[in-house]
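Q: Okay, so here is target-v8.txt, and as you'll see once you scroll down, it has compact mmCIF, C-alpha atoms.
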```
# COMPACT_ATOMS: atom_id res chain seq x y z
CA MET A 226 171.45 219.04 -54.61
CA SER A 227 171.30 218.12 -50.93
CA SER A 228 173.78 219.32 -48.36
CA GLN A 229 177.23 217.74 -48.44
CA ILE A 230 178.28 214.91 -46.17
CA THR A 231 181.73 213.70 -45.21
CA ILE A 232 183.33 210.45 -46.30
CA ASP A 233 182.88 209.31 -42.69
CA ASP A 234 179.12 209.88 -43.01
CA PHE A 235 179.05 207.83 -46.22
CA ALA A 236 181.10 205.04 -44.60
CA LYS A 237 178.30 204.56 -42.04
CA LEU A 238 176.06 203.12 -44.77
CA ASP A 239 176.32 199.37 -45.28
CA LEU A 240 175.29 198.98 -48.92
CA ARG A 241 174.98 195.40 -50.16
CA VAL A 242 173.93 193.46 -53.24
CA GLY A 243 170.80 191.39 -52.67
CA ILE A 244 168.81 189.06 -54.89
CA VAL A 245 165.02 189.21 -54.74
CA ARG A 246 163.90 185.61 -54.08
CA GLN A 247 160.20 186.28 -53.38
CA ALA A 248 157.96 189.22 -54.17
CA GLU A 249 154.29 189.87 -53.54
CA ARG A 250 151.92 192.78 -53.50
CA ILE A 251 150.48 193.83 -50.13
CA GLU A 252 146.73 193.92 -50.77
CA GLY A 253 145.09 197.35 -50.83
CA THR A 254 148.41 199.23 -51.00
CA ARG A 255 151.12 200.28 -53.43
CA LEU A 256 153.59 198.26 -51.36
CA LEU A 257 155.57 195.20 -52.33
CA LYS A 258 156.89 192.69 -49.81
CA LEU A 259 160.26 191.36 -50.95
CA MET A 260 162.38 188.55 -49.54
CA VAL A 261 165.96 189.44 -50.37
CA ASP A 262 168.92 187.03 -50.27
CA LEU A 263 172.03 188.67 -48.80
CA GLY A 264 174.15 185.52 -48.95
CA SER A 265 174.39 184.86 -45.21
CA GLU A 266 170.77 185.78 -44.45
CA GLN A 267 167.36 186.61 -45.91
CA ARG A 268 165.75 190.00 -45.28
CA GLN A 269 162.18 191.20 -45.69
CA ILE A 270 162.02 194.59 -47.35
CA ILE A 271 158.83 196.58 -47.87
CA ALA A 272 159.04 198.85 -50.91
CA GLY A 273 156.55 201.43 -52.17
CA LEU A 274 157.08 200.53 -55.82
CA GLY A 275 153.90 198.56 -56.54
CA GLU A 276 152.64 201.06 -59.09
CA TYR A 277 155.90 200.81 -61.08
CA TYR A 278 156.83 197.12 -60.82
CA THR A 279 154.93 193.84 -60.70
CA PRO A 280 156.22 191.22 -58.27
CA ASP A 281 157.29 189.02 -61.20
CA GLU A 282 159.49 191.80 -62.62
CA LEU A 283 161.55 191.79 -59.44
CA LEU A 284 162.10 188.05 -59.01
CA ASN A 285 165.81 187.15 -59.19
CA LYS A 286 166.77 190.78 -59.77
CA ARG A 287 170.00 191.93 -58.15
CA ILE A 288 169.32 195.09 -56.17
CA ILE A 289 171.26 197.42 -53.88
CA ILE A 290 170.05 197.72 -50.31
CA ILE A 291 170.98 199.65 -47.18
CA ALA A 292 171.61 196.71 -44.87
CA ASN A 293 172.23 198.59 -41.62
CA LEU A 294 169.08 200.71 -41.61
CA LYS A 295 167.11 200.30 -38.40
CA PRO A 296 164.06 198.05 -39.03
CA ARG A 297 160.73 199.82 -39.36
CA VAL A 298 157.14 198.61 -39.39
CA ILE A 299 155.24 199.74 -42.48
CA ARG A 300 151.51 198.95 -42.62
CA GLY A 301 152.01 196.12 -40.15
CA PHE A 302 155.01 194.55 -41.92
CA GLU A 303 158.61 194.86 -40.71
CA SER A 304 161.04 196.22 -43.28
CA GLN A 305 164.62 195.14 -42.57
CA GLY A 306 166.41 197.50 -44.93
CA MET A 307 165.76 199.76 -47.89
CA LEU A 308 166.34 199.23 -51.57
CA LEU A 309 167.84 202.02 -53.64
CA ALA A 310 166.15 203.48 -56.71
CA ALA A 311 166.68 206.40 -59.05
CA GLY A 312 163.76 208.77 -59.43
CA CYS A 313 162.32 210.25 -56.26
CA LYS A 314 158.91 211.78 -55.57
CA GLU A 315 160.03 215.21 -56.81
CA ASP A 316 161.13 213.61 -60.11
CA GLU A 317 157.67 212.20 -60.86
CA ALA A 318 156.41 215.68 -61.84
CA LYS A 319 159.09 215.60 -64.57
CA GLY A 320 157.81 212.24 -65.83
CA ILE A 321 160.68 210.26 -64.27
CA LYS A 322 159.48 206.99 -62.77
CA PRO A 323 161.51 205.20 -60.09
CA ARG A 324 163.93 202.57 -61.38
CA ILE A 325 165.64 200.13 -59.04
CA LEU A 326 169.44 200.33 -58.85
CA THR A 327 171.20 197.12 -59.83
CA VAL A 328 174.70 195.88 -60.65
CA ASP A 329 176.43 194.89 -63.84
CA GLY A 330 177.04 191.15 -64.01
CA GLU A 331 176.67 188.19 -61.66
CA VAL A 332 177.78 189.76 -58.37
CA PRO A 333 177.17 187.37 -55.43
CA PRO A 334 174.48 188.28 -52.89
CA GLY A 335 175.86 190.06 -49.82
CA THR A 336 178.71 191.72 -51.71
CA LYS A 337 179.52 195.08 -50.14
CA ILE A 338 179.17 198.24 -52.23
CA CYS A 339 182.21 200.46 -51.74
```
Let me see the structure of the file written as structure tokens.
A:
Amino acid sequence: MSSQITIDDFAKLDLRVGIVRQAERIEGTRLLKLMVDLGSEQRQIIAGLGEYYTPDELLNKRIIIIANLKPRVIRGFESQGMLLAAGCKEDEAKGIKPRILTVDGEVPPGTKIC
């Protein structure tokens, strides 16, 4: 396990439900470019999950994102958040492949995770 954080540290994260409206592979990489609907806005998110998911598998999927992460340029594309997945790099040696976190039911885009 990682070191402990306080509830105040956790409260700094703005976790939201988003719906993937567009998805495409970035040529020559394992990256996927996703357009995610957050209700009041659309965000572009670059995710390194191209070897585990096809773009079509992600269309209309409800995902959990960190909405207040500072934007970052990845291979020339701006990523405006980060999606959450179970199964990190250290888990791959155990045969665990990353799986995107989602919600149960028809939760509207932009709904805050608390």
Q: Go ahead and compute the interatomic distance for atom CA of A:Ala292 and atom CA of A:Val242, in Å to one decimal.
A: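 Taking atom CA of A:Ala292 as the start and atom CA of A:Val242 as the end point, the length is 9.3 Å.
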Q: What's the separation between atom CA of A:Ile291 and atom CA of A:Met307, in Å to one decimal place?
A: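 About the pair atom CA of A:Ile291 and atom CA of A:Met307: they are 5.3 Å apart.
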Q: In Å, rounded to a single decimal, give me how far atom CA of A:Gly335 is from atom CA of A:Asp262.
A: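 These two atoms are separated by 7.6 Å.
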Q: Might you pull out every residue within 10 Å of A:Tyr277, with all atoms listed in the file counted and same-chain residues fewer than 4 positions away left off, and present them as a compact mmCIF listing (two decimals) with C-alpha atoms, keeping the file's coordinate frame?
A:
```txt
# COMPACT_ATOMS: atom_id res chain seq x y z
CA ARG A 255 151.12 200.28 -53.43
CA GLY A 273 156.55 201.43 -52.17
CA GLU A 282 159.49 191.80 -62.62
CA LYS A 322 159.48 206.99 -62.77
CA PRO A 323 161.51 205.20 -60.09
CA ARG A 324 163.93 202.57 -61.38
CA ILE A 325 165.64 200.13 -59.04
```
Q: Centre and edge lengths, as AutoDock Vina command-line options, for the axis-aligned box enclosing every listed atom of stretch 240-249 of chain A with 3 Å of padding on each of the six sides, in Å to one decimal?
A:
```
--center_x 164.8 --center_y 192.3 --center_z -51.9 --size_x 27.0 --size_y 19.4 --size_z 12.0
```
Q: Which is closest to A:Glu252 among A:Arg300, A:Arg287, A:Lys319, A:Lys237, if we use all atoms listed in the file?
A: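 Nearest candidate to A:Glu252 out of A:Arg300, A:Arg287, A:Lys319, A:Lys237: A:Arg300.
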Q: Which residues, protein or nucleic acid, reach to within 10 Å of (168.6, 185.8, -46.3) in the file's coordinates when using only C-alpha atoms, and can you give that as a ChimeraX atom specification?
A: /A:243-246,260-269,334-335
Q: So which residues touch A:Lys295 within 9 Å, counting only C-alpha atoms, skipping near sequence neighbours fewer than 4 positions away, as a VMD selection string?
A: chain A and resid 304 to 306
Q: May I ask which of the residues A:Lys314, A:Phe302, A:Arg250, A:Ile288 is the closest one to A:Lys337, counting all atoms listed in the file?
A: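 Residue with the minimum atom-to-atom distance to A:Lys337: A:Ile288.
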Q: Near A:Phe235, counting all atoms listed in the file, which residues have an atom at most 12 Å away, once you skip same-chain residues fewer than 4 positions from it, shown as an MDAnalysis selection string?
A: chainID A and resid 229:231 239:240 291 338:339
Q: Which of these residues is nearest to A:Ala272, using all atoms listed in the file: A:Val298, A:Val332, A:Met226, A:Leu256?
A: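 For A:Ala272, the nearest of the candidates is A:Leu256.
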Q: Of the candidates A:Asp281, A:Glu276, A:Asp233, A:Ile270, which shows the shortest atom-to-atom distance to A:Leu309, using all atoms listed in the file?
A: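 Checking each of A:Asp281, A:Glu276, A:Asp233, A:Ile270 against A:Leu309, counting all atoms listed in the file, the winner is A:Ile270.
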Q: Taking into account all atoms listed in the file, which residue in the set A:Ile289, A:Ala310, A:Pro280, A:Pro333 is nearest to A:Arg241?
A: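 Going through A:Ile289, A:Ala310, A:Pro280, A:Pro333 one by one, the smallest distance to A:Arg241 is for A:Ile289.
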Q: Restricting the calculation to all atoms listed in the file, which member of A:Ile251, A:Leu284, A:Asp316, A:Ile321 is positioned closest to A:Ile299?
A: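 Among the listed residues, A:Ile251 lies closest to A:Ile299.
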